[in-house]
Every structure is written in structure tokens, then in C-alpha cells.
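Chemist: Okay, so here is data31.cif, and as you'll see once you scroll down, it has mmCIF, C-alpha atoms and all ligand atoms.
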```
data_protein
#
loop_
_atom_site.label_atom_id
_atom_site.label_comp_id
_atom_site.auth_asym_id
_atom_site.auth_seq_id
_atom_site.Cartn_x
_atom_site.Cartn_y
_atom_site.Cartn_z
CA MET A 1 -1.60 -10.26 0.03
CA MET A 2 -2.15 -9.66 3.73
CA PRO A 3 0.64 -7.62 5.24
CA THR A 4 2.38 -9.56 7.99
CA ALA A 5 2.79 -8.19 11.48
CA ALA A 6 6.53 -7.81 10.88
CA SER A 7 6.02 -5.51 7.93
CA LYS A 8 3.11 -3.43 9.14
CA PRO A 9 2.75 -0.62 6.63
CA ASN A 10 2.75 2.91 7.93
CA LEU A 11 -0.38 4.37 6.40
CA PHE A 12 1.19 7.84 6.33
CA ASP A 13 3.38 6.45 3.51
CA LEU A 14 0.40 5.81 1.22
CA ASP A 15 -1.52 8.23 -0.91
CA ARG A 16 -5.16 7.65 -1.80
CA ALA A 17 -4.39 5.11 -4.52
CA GLY A 18 -1.95 3.29 -2.25
CA LEU A 19 -4.47 3.19 0.57
CA ALA A 20 -7.17 1.87 -1.74
CA ARG A 21 -4.80 -0.98 -2.67
CA PHE A 22 -4.01 -1.58 0.97
CA PHE A 23 -7.70 -1.89 1.89
CA THR A 24 -8.31 -4.22 -1.02
CA ASP A 25 -5.37 -6.34 0.11
CA ILE A 26 -6.87 -6.78 3.56
CA GLY A 27 -10.23 -7.71 2.04
CA GLU A 28 -11.95 -4.35 2.49
CA LYS A 29 -13.60 -1.91 0.12
CA PRO A 30 -11.27 0.68 -1.47
CA TYR A 31 -13.52 3.61 -0.44
CA ARG A 32 -12.25 3.09 3.09
CA ALA A 33 -9.19 5.00 1.89
CA THR A 34 -11.03 8.31 1.82
CA GLN A 35 -12.65 7.65 5.18
CA LEU A 36 -9.29 6.98 6.74
CA MET A 37 -7.74 10.04 5.11
CA GLY A 38 -10.59 12.17 6.44
CA TRP A 39 -9.74 11.12 9.97
CA VAL A 40 -6.02 11.46 9.61
CA TYR A 41 -5.71 14.66 7.60
CA HIS A 42 -8.93 16.54 8.33
CA GLU A 43 -9.54 15.57 11.92
CA GLY A 44 -5.90 15.04 12.89
CA VAL A 45 -6.79 11.68 14.42
CA ARG A 46 -4.32 8.82 14.26
CA ASP A 47 -5.74 6.37 16.73
CA PHE A 48 -7.69 3.74 14.77
CA GLU A 49 -10.00 3.22 17.77
CA ALA A 50 -11.26 6.81 17.45
CA MET A 51 -12.30 6.35 13.80
CA THR A 52 -15.88 5.62 14.66
CA ASN A 53 -17.32 5.23 11.16
CA LEU A 54 -14.96 2.36 10.38
CA GLY A 55 -16.73 -0.26 12.47
CA LYS A 56 -15.27 -2.20 15.35
CA GLY A 57 -14.08 -5.17 13.29
CA LEU A 58 -12.25 -3.01 10.77
CA ARG A 59 -10.63 -0.91 13.48
CA ALA A 60 -9.23 -4.02 15.10
CA LYS A 61 -8.05 -5.29 11.73
CA LEU A 62 -6.28 -2.01 11.05
CA ALA A 63 -4.56 -2.07 14.41
CA GLU A 64 -3.38 -5.57 13.61
CA HIS A 65 -2.17 -4.95 10.06
CA ALA A 66 -1.09 -1.33 9.91
CA GLU A 67 0.17 1.61 11.86
CA LEU A 68 0.04 5.38 11.74
CA GLN A 69 3.56 6.15 12.76
CA LEU A 70 4.90 9.67 13.14
CA PRO A 71 8.42 10.77 13.93
CA GLU A 72 8.99 12.21 17.37
CA MET A 73 8.84 15.97 17.85
CA GLN A 74 12.06 16.87 19.64
CA VAL A 75 12.37 20.62 19.81
CA GLU A 76 10.28 23.59 18.86
CA GLN A 77 12.05 26.91 18.40
CA ARG A 78 10.16 30.17 18.12
CA SER A 79 11.71 33.13 16.37
CA LYS A 80 10.75 36.63 17.39
CA ASP A 81 9.49 37.23 13.86
CA GLY A 82 6.91 34.45 14.17
CA THR A 83 8.93 31.82 12.34
CA ARG A 84 8.76 28.37 13.90
CA LYS A 85 11.29 25.61 13.54
CA TRP A 86 10.72 22.03 14.56
CA LEU A 87 13.28 19.30 14.89
CA LEU A 88 11.74 15.91 14.17
CA LYS A 89 13.51 12.75 15.19
CA MET A 90 13.32 10.17 12.46
CA ALA A 91 13.67 6.42 12.87
CA GLY A 92 17.36 5.57 13.16
CA GLY A 93 18.23 8.53 15.38
CA ASN A 94 18.59 11.23 12.74
CA ALA A 95 16.64 14.43 12.80
CA VAL A 96 15.37 16.81 10.16
CA GLU A 97 14.12 20.36 10.37
CA THR A 98 10.85 21.90 9.26
CA VAL A 99 10.22 25.63 9.23
CA PHE A 100 6.98 27.64 9.24
CA ILE A 101 7.17 31.19 7.93
CA PRO A 102 4.09 33.34 8.59
CA GLU A 103 3.36 36.31 6.36
CA ALA A 104 0.45 38.72 6.24
CA LYS A 105 -1.72 36.71 3.86
CA ARG A 106 -0.12 33.32 3.82
CA GLY A 107 1.83 30.79 5.80
CA THR A 108 4.62 28.84 4.14
CA LEU A 109 5.91 25.56 5.44
CA CYS A 110 9.39 24.60 4.32
CA ILE A 111 9.85 20.84 4.51
CA SER A 112 12.79 18.44 4.22
CA SER A 113 12.94 15.47 1.87
CA GLN A 114 16.16 13.76 2.95
CA VAL A 115 18.30 13.39 6.05
CA GLY A 116 21.20 15.53 4.85
CA CYS A 117 21.93 15.89 1.16
CA THR A 118 24.29 14.35 -1.37
CA LEU A 119 24.71 17.40 -3.54
CA ASP A 120 27.48 19.31 -1.89
CA CYS A 121 26.50 22.83 -2.93
CA THR A 122 29.34 24.89 -1.56
CA PHE A 123 27.27 27.62 0.11
CA CYS A 124 24.75 25.36 1.87
CA SER A 125 25.11 24.20 5.45
CA THR A 126 23.01 21.08 4.90
CA ALA A 127 25.76 19.92 2.54
CA GLN A 128 28.23 20.11 5.42
CA GLN A 129 26.26 17.45 7.24
CA GLY A 130 26.70 14.77 4.61
CA PHE A 131 23.92 12.37 3.75
CA ASN A 132 22.23 9.61 5.68
CA ARG A 133 19.07 8.53 3.90
CA ASN A 134 15.94 9.43 2.02
CA LEU A 135 12.84 10.24 4.02
CA THR A 136 9.78 8.08 3.45
CA ALA A 137 6.63 9.71 2.08
CA GLY A 138 5.16 9.38 5.57
CA GLU A 139 8.09 11.20 7.12
CA ILE A 140 7.68 14.01 4.60
CA VAL A 141 3.92 14.22 5.13
CA ALA A 142 4.43 14.01 8.91
CA GLN A 143 6.17 17.38 8.83
CA VAL A 144 3.00 19.00 7.52
CA TRP A 145 0.79 17.01 9.87
CA TYR A 146 2.87 18.05 12.88
CA ALA A 147 3.22 21.64 11.84
CA ARG A 148 -0.53 21.94 11.53
CA HIS A 149 -0.98 20.26 14.89
CA MET A 150 1.57 22.52 16.60
CA LEU A 151 0.17 25.69 15.02
CA ALA A 152 -3.34 24.74 16.13
CA LYS A 153 -2.04 24.17 19.64
CA GLU A 154 -0.32 27.54 19.63
CA ALA A 155 -3.45 29.23 18.27
CA ALA A 156 -5.43 27.76 21.16
CA GLU A 157 -2.91 29.35 23.56
CA THR A 158 -2.65 32.74 21.90
CA GLY A 159 -5.91 33.12 20.01
CA ARG A 160 -3.92 33.89 16.89
CA GLU A 161 -4.72 31.58 14.04
CA ARG A 162 -1.94 30.54 11.71
CA ILE A 163 -2.60 28.39 8.71
CA ILE A 164 -0.40 26.65 6.24
CA THR A 165 -1.32 27.87 2.76
CA ASN A 166 1.90 26.97 0.95
CA VAL A 167 4.34 24.09 1.16
CA VAL A 168 7.81 24.30 -0.34
CA PHE A 169 10.33 21.47 -0.61
CA MET A 170 13.15 23.83 0.31
CA GLY A 171 14.34 22.29 3.55
CA MET A 172 17.04 19.68 3.80
CA GLY A 173 17.69 17.41 0.86
CA GLU A 174 17.09 17.19 -2.87
CA PRO A 175 13.47 16.13 -3.44
CA LEU A 176 14.07 14.87 -6.97
CA SER A 177 16.75 12.48 -5.69
CA ASN A 178 14.00 10.98 -3.55
CA PHE A 179 11.50 11.05 -6.36
CA ASP A 180 8.92 8.38 -5.52
CA GLN A 181 8.58 9.31 -1.88
CA ALA A 182 8.50 13.03 -2.60
CA THR A 183 5.83 12.70 -5.31
CA THR A 184 3.71 10.39 -3.13
CA ALA A 185 3.90 13.05 -0.43
CA VAL A 186 2.87 15.68 -3.00
CA SER A 187 -0.13 13.56 -3.94
CA ILE A 188 -1.26 13.59 -0.28
CA LEU A 189 -0.65 17.34 -0.01
CA LEU A 190 -2.82 18.05 -3.05
CA ASP A 191 -5.58 15.52 -2.39
CA ASP A 192 -8.86 17.00 -1.13
CA PHE A 193 -9.01 14.12 1.31
CA GLY A 194 -5.42 14.91 2.31
CA PHE A 195 -4.22 18.44 2.98
CA GLY A 196 -6.17 19.86 0.04
CA LEU A 197 -3.51 22.37 -1.01
CA SER A 198 -3.69 24.06 -4.38
CA LYS A 199 -1.09 22.81 -6.85
CA ARG A 200 0.15 26.33 -7.38
CA ARG A 201 0.92 26.48 -3.69
CA VAL A 202 3.09 23.39 -3.51
CA THR A 203 6.59 23.96 -4.83
CA ILE A 204 9.30 21.44 -5.50
CA SER A 205 12.71 23.03 -5.44
CA THR A 206 15.53 21.27 -7.25
CA SER A 207 19.18 21.88 -7.90
CA GLY A 208 18.49 20.70 -11.45
CA ILE A 209 18.39 16.94 -11.97
CA VAL A 210 17.32 17.17 -15.61
CA PRO A 211 15.81 13.70 -16.24
CA ARG A 212 13.85 13.96 -13.01
CA ILE A 213 12.38 17.30 -14.05
CA ASP A 214 11.02 15.50 -17.11
CA GLU A 215 9.71 12.70 -14.94
CA LEU A 216 8.09 15.21 -12.62
CA ARG A 217 6.37 16.80 -15.58
CA GLU A 218 4.71 13.50 -16.32
CA THR A 219 3.96 12.54 -12.73
CA THR A 220 2.48 15.52 -11.02
CA ASP A 221 1.58 19.12 -11.51
CA VAL A 222 3.24 21.37 -8.99
CA ALA A 223 5.15 24.61 -9.11
CA LEU A 224 8.83 24.24 -9.88
CA ALA A 225 11.68 26.22 -8.38
CA VAL A 226 15.21 25.75 -9.60
CA SER A 227 18.31 26.63 -7.63
CA LEU A 228 20.26 28.36 -10.37
CA HIS A 229 22.67 30.64 -8.47
CA ALA A 230 24.85 31.43 -11.49
CA PRO A 231 24.28 32.55 -15.09
CA ASN A 232 27.04 30.48 -16.69
CA ASP A 233 28.52 27.01 -16.38
CA ALA A 234 31.98 28.11 -15.25
CA LEU A 235 30.50 29.73 -12.16
CA ARG A 236 27.70 27.27 -11.56
CA ASP A 237 30.14 24.36 -11.67
CA GLN A 238 31.78 25.94 -8.63
CA LEU A 239 28.62 26.56 -6.64
CA VAL A 240 26.36 23.65 -7.59
CA PRO A 241 28.60 20.70 -8.52
CA LEU A 242 25.61 18.92 -10.08
CA ASN A 243 25.99 21.41 -12.91
CA LYS A 244 28.91 19.38 -14.25
CA LYS A 245 26.46 16.61 -15.01
CA TYR A 246 23.52 18.75 -16.10
CA PRO A 247 24.81 22.06 -17.44
CA ILE A 248 22.68 25.18 -17.67
CA ALA A 249 21.58 24.79 -21.32
CA GLU A 250 20.14 21.32 -20.60
CA LEU A 251 18.55 22.55 -17.41
CA LEU A 252 16.85 25.46 -19.17
CA ASP A 253 15.55 23.10 -21.86
CA ALA A 254 14.03 20.81 -19.24
CA CYS A 255 12.34 23.85 -17.68
CA ARG A 256 10.97 24.96 -21.04
CA ARG A 257 9.50 21.46 -21.47
CA TYR A 258 8.05 21.66 -17.96
CA LEU A 259 6.16 24.83 -18.82
CA ALA A 260 5.16 23.77 -22.33
CA ASP A 261 3.39 20.70 -21.06
CA LYS A 262 0.60 22.20 -19.02
CA SER A 263 -1.13 25.49 -19.45
CA GLN A 264 -1.55 25.82 -15.70
CA ARG A 265 2.16 25.90 -15.18
CA THR A 266 2.98 29.48 -15.82
CA THR A 267 6.42 30.26 -14.48
CA ILE A 268 9.62 28.81 -13.19
CA THR A 269 10.99 30.33 -10.01
CA TRP A 270 14.77 30.70 -10.06
CA GLU A 271 16.54 30.79 -6.75
CA TYR A 272 19.70 32.84 -6.78
CA VAL A 273 21.74 33.12 -3.62
CA MET A 274 23.57 36.44 -3.36
CA LEU A 275 27.22 35.80 -2.58
CA ASP A 276 29.43 38.80 -2.10
CA GLY A 277 31.92 39.18 -4.95
CA VAL A 278 31.12 35.73 -6.34
CA ASN A 279 27.93 35.85 -8.42
CA ASP A 280 26.56 39.33 -7.75
CA SER A 281 28.20 41.60 -10.34
CA ASP A 282 26.38 43.79 -12.87
CA ALA A 283 27.67 41.50 -15.61
CA ASN A 284 26.24 38.46 -13.79
CA ALA A 285 22.85 40.19 -13.63
CA ARG A 286 22.89 41.05 -17.33
CA GLU A 287 23.89 37.50 -18.24
CA LEU A 288 21.16 36.08 -16.03
CA ALA A 289 18.49 38.24 -17.67
CA LYS A 290 19.76 37.16 -21.06
CA ILE A 291 19.66 33.39 -20.51
CA LEU A 292 16.13 33.58 -19.10
CA THR A 293 14.71 35.84 -21.82
CA ASP A 294 12.41 33.27 -23.38
CA ILE A 295 11.30 31.48 -20.20
CA PRO A 296 8.45 32.90 -18.11
CA SER A 297 10.37 33.41 -14.89
CA LYS A 298 10.36 34.73 -11.39
CA ILE A 299 13.79 35.37 -10.00
CA ASN A 300 14.08 35.04 -6.26
CA LEU A 301 17.23 36.63 -4.89
CA ILE A 302 18.22 35.02 -1.60
CA PRO A 303 20.65 36.97 0.57
CA PHE A 304 23.25 34.41 1.62
CA ASN A 305 22.81 33.15 5.16
CA PRO A 306 26.16 32.46 6.75
CA PHE A 307 26.93 29.42 8.90
CA PRO A 308 30.01 28.45 10.88
CA GLY A 309 33.01 27.64 8.75
CA THR A 310 31.79 29.16 5.50
CA ALA A 311 34.09 31.37 3.45
CA PHE A 312 31.20 33.10 1.68
CA LYS A 313 29.71 36.43 2.64
CA ARG A 314 26.32 37.94 1.99
CA SER A 315 26.20 40.59 -0.73
CA PRO A 316 25.58 44.05 0.73
CA ASN A 317 21.98 45.26 0.45
CA ALA A 318 22.89 47.98 -2.03
CA ARG A 319 24.50 45.36 -4.30
CA ILE A 320 21.43 43.14 -4.10
CA GLN A 321 19.24 46.13 -4.94
CA ARG A 322 21.42 47.07 -7.90
CA PHE A 323 21.41 43.45 -9.14
CA ALA A 324 17.61 43.41 -8.89
CA ASP A 325 17.33 46.76 -10.69
CA ILE A 326 19.37 45.49 -13.64
CA LEU A 327 17.09 42.46 -13.92
CA VAL A 328 13.93 44.55 -13.64
CA ALA A 329 15.20 46.95 -16.30
CA ARG A 330 15.46 43.94 -18.59
CA GLY A 331 11.87 42.93 -17.94
CA CYS A 332 12.46 40.24 -15.31
CA MET A 333 10.15 39.66 -12.40
CA VAL A 334 12.29 39.80 -9.27
CA THR A 335 11.71 39.32 -5.58
CA THR A 336 14.27 39.48 -2.84
CA ARG A 337 13.68 36.97 -0.12
CA ARG A 338 13.50 38.51 3.29
CA THR A 339 15.62 36.61 5.73
CA ARG A 340 13.34 35.08 8.31
CA GLY A 341 14.01 33.17 11.47
CA ASP A 342 17.75 33.68 11.44
CA ASP A 343 17.77 34.08 15.22
CA ILE A 344 16.88 30.37 15.38
CA ASP A 345 18.99 29.28 12.38
CA ALA A 346 15.86 28.66 10.38
CA ALA A 347 16.80 30.65 7.30
CA CYS A 348 17.54 29.15 3.87
CA GLY A 349 20.58 26.95 3.88
CA GLN A 350 20.84 26.95 7.65
CA LEU A 351 18.87 23.79 8.20
CA VAL A 352 21.11 21.06 9.45
CA GLY A 353 19.02 18.74 11.62
CA ARG A 354 21.12 15.93 12.92
CA VAL A 355 22.67 13.78 10.27
CA ASP A 356 24.71 10.75 10.96
CA ASP A 357 26.66 10.83 7.71
CA ARG A 358 26.84 7.34 6.32
CA SER A 359 27.86 8.44 2.91
CA ARG A 360 31.50 8.01 2.39
CA ARG A 361 31.79 9.42 -1.05
CA ALA A 362 32.37 6.05 -2.69
CA GLN A 363 29.23 4.54 -1.19
CA ARG A 364 27.32 7.62 -2.06
CA MET A 365 28.24 7.31 -5.67
CA GLU A 366 27.10 3.71 -5.80
CA LYS A 367 23.77 4.39 -4.22
CA HIS A 368 22.97 7.60 -5.96
CA ARG A 369 23.53 7.15 -9.61
CA GLU A 370 22.27 10.64 -10.29
CA GLU A 371 25.18 12.30 -8.62
CA ALA A 372 27.78 9.75 -9.61
CA THR A 373 29.74 11.93 -11.95
CA ILE A 374 30.15 14.86 -9.62
CA MET A 375 33.72 15.46 -8.76
CA PRO A 376 34.76 16.90 -5.43
CA LEU A 377 35.09 20.59 -5.59
CA LYS A 378 38.54 22.08 -5.17
CA LYS A 379 38.16 25.79 -5.65
CA MET A 380 36.11 27.97 -3.32
CA ARG A 381 35.49 25.05 -1.11
CA VAL A 382 34.24 25.74 2.38
CA ASN A 383 36.47 24.36 5.02
CA ARG A 384 34.75 21.24 6.30
CA ALA A 385 37.09 20.85 9.20
CA GLN A 386 35.96 24.16 10.65
CA ALA A 387 32.28 23.65 10.05
CA THR A 388 30.51 22.81 13.24
CA PRO A 389 26.90 21.72 13.32
CA HIS A 390 24.76 24.24 15.09
CA ALA A 391 21.40 22.57 15.29
N1 LIG B 401 18.01 20.68 -3.04
C1 LIG B 401 16.93 21.54 -3.39
C2 LIG B 401 16.10 21.93 -2.21
C3 LIG B 401 16.82 22.80 -1.19
S1 LIG B 401 16.15 24.35 -1.34
C4 LIG B 401 17.46 22.74 -4.14
O1 LIG B 401 18.67 22.84 -4.28
O2 LIG B 401 16.70 23.53 -4.67
C5 LIG B 401 17.10 25.37 -0.37
C6 LIG B 401 17.34 26.69 -1.08
O3 LIG B 401 18.14 27.53 -0.25
C7 LIG B 401 18.11 26.45 -2.34
O4 LIG B 401 17.83 27.37 -3.32
C8 LIG B 401 19.50 26.64 -1.83
O5 LIG B 401 20.38 26.83 -2.87
C9 LIG B 401 19.34 27.82 -0.92
N2 LIG B 401 20.43 27.93 0.04
C10 LIG B 401 21.24 26.96 0.45
N3 LIG B 401 22.16 27.42 1.32
C11 LIG B 401 21.91 28.73 1.47
C12 LIG B 401 22.48 29.75 2.28
N4 LIG B 401 23.50 29.50 3.08
N5 LIG B 401 21.97 30.99 2.20
C13 LIG B 401 20.91 31.24 1.41
N6 LIG B 401 20.31 30.31 0.63
C14 LIG B 401 20.81 29.07 0.66
#
```
Please go through the file and, once you have read it, give me the structure as C-alpha cells.

Modeler:
Amino acid sequence: MMPTAASKPNLFDLDRAGLARFFTDIGEKPYRATQLMGWVYHEGVRDFEAMTNLGKGLRAKLAEHAELQLPEMQVEQRSKDGTRKWLLKMAGGNAVETVFIPEAKRGTLCISSQVGCTLDCTFCSTAQQGFNRNLTAGEIVAQVWYARHMLAKEAAETGRERIITNVVFMGMGEPLSNFDQATTAVSILLDDFGFGLSKRRVTISTSGIVPRIDELRETTDVALAVSLHAPNDALRDQLVPLNKKYPIAELLDACRRYLADKSQRTTITWEYVMLDGVNDSDANARELAKILTDIPSKINLIPFNPFPGTAFKRSPNARIQRFADILVARGCMVTTRRTRGDDIDAACGQLVGRVDDRSRRAQRMEKHREEATIMPLKKMRVNRAQATPHA
């Protein structure tokens, strides 16, 4: 079926298979998909007219039937530690944030998958913003496209090359709640005709939507990070309300299945935010080591990053060190995340973008079956009234 002018597809939304179908639909050969992807993702070109190997007739046809639409870059912030944060304006007036974190041997891009988030984790500032909508695959991919473009521009100014070697879905939103769009974006990230990233260098981070972890296992082959944050249900229920629906034992089982399926998947990364006096005791560390004994794991301790209105505090460094030592003594692999870009509010859990919250809780429950059984949190709740967006 020929797409009509009113519903011009945005070709950034389509992976190679989707593009092949699109070309077939407009009466063209499917191999045009890889030619187009070469222009868009390798050359950074998004003007059909400049795609010289497509032929004049086809270029005109593309302009008529499709578009290559990117969100608008609104603000770039540069941290003194080299971290970059970009605010991208999405259709509908909302904005999401994307962060680039340079390190000695790699460059990690942290991308968003939703405008806001439905999950309501008590220590996360994105949760304070409410939820507006899922991003399209194109809007997810656009963050990588833009980041590469901006880094290349900066390199031309400074002579210092910065490349994106890793992409993590650790920005705003829950990628597995936006499954189809997130996995289509992954397919473009991994495709040699797309961004050509290695599957070990693309990480989906989830708060633990168990059935979607199983679906992910069957759909794609990327690294999995799980936001655990607590070693038992009583505590995790307080921090990650989704735990009431998918408790730790079920979550760990899903992760075991994830690893069992493919030999290339070697470990699960567990994110554990260090909250002073909440989840950082010696006993918590011992319990954590115990529940992960039989799962090949990397534990990533994340010092809590405060935001306006939060009641939580970051664990002192000595406490974090002691917590790590207990885990290491029990044979765990542990890293402590260095806080980067906090002078521009680009650190974990500080990404807020601009979210026009359309999700009164009742509507949210209707639309997002996954989270429907989560009850509002009473204890340890951050004071929403005091929380002010600081994007
Ligand atoms: N929804 C997904 C993707 C977000 S990832 C998930 O939950 O995994 C963002 C990571 O930063 C998560 O591990 C999250 O729990 C953590 N985080 C959120 N708020 C934080 C804060 N204020 N300080 C430190 N880490 C935080």
C-alpha cells in the first residue's frame, strides 16, 4: 500500500526490515533500504536530494512519500568533566535528555526511551515529572544520530575526537514499557548499516518487568542491566514500587533465563543506588551477595544523586567502600559508578527533560497494563509538592 501524504512515515522509525517493506510498498527494490541507511547513519545525510546513488526519480518519490524527521536540538550543556547533555524537543512540546559520558577508552551515550516515566521509583527525579508518552523508535535513534553529529562538530572545533562506543538505555523512561519502539531502535543501533555497535556495548536497563525480560530474550541480544536497589522485597517494595508486581525471586528467575538462553550473554549488571541509612548496611550487602550467588553478575553501586525535594541522602564514601568490600569478599564483581556531569544535572536519576504530565494515575493505569497493580507509595515518599523541575 502506498503511504498517503497525510501519513508520511518517518524513516528514522524503521529498521532495515521495516525499510525493506517500505521500499517494496512504494514499488521499489528492498535493497534500497541499505543504501538509504548508509546515507543516513554512515554519512549523516538526511536530505533525500543529496542521496546521489538513489536516482532522481526515486529521490522525488521519497520526498513525496516519506520524511526523515528529527526532533529539535534545544540546548547543549557542557560539563567541566567532558560530559555533554542535550535537551531534545520532541513533537508535542515535550523534551527529553541525552547524556554523553567520555572516558579514557570509551564514550557512553545514555539515552531516553520515554517522555517521563510511569514507574514512580522514589529516589528518581524523572519519576517526579510524571509521564507523557512513549518515544518513537525514530526519536530514540535520533538521540544517537544527534549526539554523533554534535560530537563531530565539537571535534572539528577542538581537534579532540570523541566517539560513541556504548549506548545505554539509562536515561528517562522504562525501555521495556516501550518495548516495540525500543527494540526497533536497538536493531538500528546494532545493524552494520545503522550505527554498527557491538551487542555487548548496547545495554537495556530495566526496573524489572519480568514478562518483558522474557520477550527481550527472544527478540534481541543485548546486555541487560537491572535496577535492583534492594536485596529483599520489603525494602524493594519501598524503593521500586514495580516490585510489588514482580518480586525479586521472579525477577532473578527471569534474569537466569536471560543468561541461559545465549552463550554470548555472560552477565547481568545490577544497579544499586546507595541511599544513606536506607539500603546501605553491612547486612544489606551480605544479603545482596547471597541472592546473587548463582547468577553471573556485575554489581554497579551508584552513589545517590540528590535533586530538589528529595528526602534521600547519598551514602558516605566510606560506607559505599565498606559495602563494596563486603560484596568483593563474597566473590562479587563490583564497580562504583563515578558521578559524572553533576554540575549540569546530567548524573543518574537527574534527567528530567520537560514533561507535560498527562498521566493522572487512573489514566496511567488504563494505558499501561504493566504497571496497573502498583499502589501509590506511602512510606518514604519524596515530597512531590516541594520537588521543582530543574531542567
Ligand atoms: N527505567 C530503567 C531505566 C532508567 S536507568 C531502569 O529503572 O533501569 C536509570 C538508573 O539510574 C537506574 O538504575 C535508576 O534506578 C538510577 N537512578 C535513578 N535515580 C537516581 C538517583 N537520584 N541517583 C542515582 N541513581 C539513580

Chemist: So which residues are near ligand LIG 401 (chain B), meaning at most 7 Å away with all atoms listed in the file counted, given back as a list of chain:residue names?

Modeler: A:Phe123, A:Cys124, A:Ser125, A:Phe169, A:Met170, A:Gly171, A:Met172, A:Gly173, A:Glu174, A:Pro175, A:Ser205, A:Thr206, A:Ser207, A:Ala225, A:Val226, A:Ser227, A:Glu271, A:Tyr272, A:Val273, A:Ile302, A:Pro303, A:Phe304, A:Asn305, A:Pro306, A:Phe307, A:Cys348, A:Gly349, A:Gln350

Chemist: What does the distance from atom CA of Asp47 of chain A to atom CA of Phe193 of chain A come to in Å, to one decimal?

Modeler: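 Atom CA of Asp47 of chain A sits 17.6 Å away from atom CA of Phe193 of chain A.
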
Chemist: Measuring atom to atom with only C-alpha atoms, identify which of A:Gly116, A:Gly93, A:Gly309, A:Gly38 is nearest to Leu54 of chain A.

Modeler: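 Closest candidate: A:Gly38.
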
Chemist: May I ask which of the residues A:Asn10, A:Thr269, A:Asn284, A:Asn132 is the closest one to Ile299 of chain A, counting all atoms listed in the file?

Modeler: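 For Ile299 of chain A, the nearest of the candidates is A:Thr269.
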
Chemist: Using all atoms listed in the file, determine which residues lie at most 9 Å from Arg162 of chain A, disregarding the query and same-chain residues fewer than 5 positions distant; provide the list as a PDB file with C-alpha atoms, in the frame of the given file.

Modeler:
```
ATOM      1  CA  PRO A 102       4.090  33.340   8.590  1.00  0.00           C
ATOM      2  CA  ARG A 106      -0.120  33.320   3.820  1.00  0.00           C
ATOM      3  CA  GLY A 107       1.830  30.790   5.800  1.00  0.00           C
ATOM      4  CA  ARG A 148      -0.530  21.940  11.530  1.00  0.00           C
ATOM      5  CA  LEU A 151       0.170  25.690  15.020  1.00  0.00           C
ATOM      6  CA  ALA A 152      -3.340  24.740  16.130  1.00  0.00           C
ATOM      7  CA  GLU A 154      -0.320  27.540  19.630  1.00  0.00           C
ATOM      8  CA  ALA A 155      -3.450  29.230  18.270  1.00  0.00           C
TER       9      ALA A 155
END
```

Chemist: Can you tell me, as an MDAnalysis selection string, what residues are no more than 12 Å from Ala95 of chain A when counting all atoms listed in the file, ignoring any on the same chain fewer than 2 positions away?

Modeler: chainID A and resid 71:75 86:93 97:98 112:116 129 131:135 139 143 172 351:357 391

Chemist: With the cut-off set at 9 Å and counting all atoms listed in the file, tabulate each residue of segment 132-246 of chain A with an atom at most that distance from an atom of segment 253-263 of chain A, showing the nearest atom pair and its distance in Å to one decimal, ordered by chain and increasing number, as a tab-separated table.

Modeler:
```
residue	atom	partner	partner_atom	distance
A:Gly208	CA	A:Ala254	CA	9.0
A:Val210	CA	A:Ala254	CA	6.1
A:Pro211	CA	A:Ala254	CA	7.9
A:Ile213	CA	A:Ala254	CA	6.5
A:Asp214	CA	A:Ala254	CA	6.5
A:Leu216	CA	A:Tyr258	CA	8.4
A:Arg217	CA	A:Tyr258	CA	5.7
A:Glu218	CA	A:Asp261	CA	8.7
A:Asp221	CA	A:Lys262	CA	8.2
A:Leu224	CA	A:Tyr258	CA	8.5
A:Val226	CA	A:Cys255	CA	8.8
```

Chemist: Quote the spacing between atom CA of Cys110 of chain A and atom CA of Val167 of chain A in Å to one decimal place.

Modeler: 6.0 Å

Chemist: Report, in Å with one decimal, the straight-line distance from atom CA of Leu275 of chain A to atom CA of Ala182 of chain A.

Modeler: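 So the two atoms, atom CA of Leu275 of chain A and atom CA of Ala182 of chain A, lie 29.5 Å apart.
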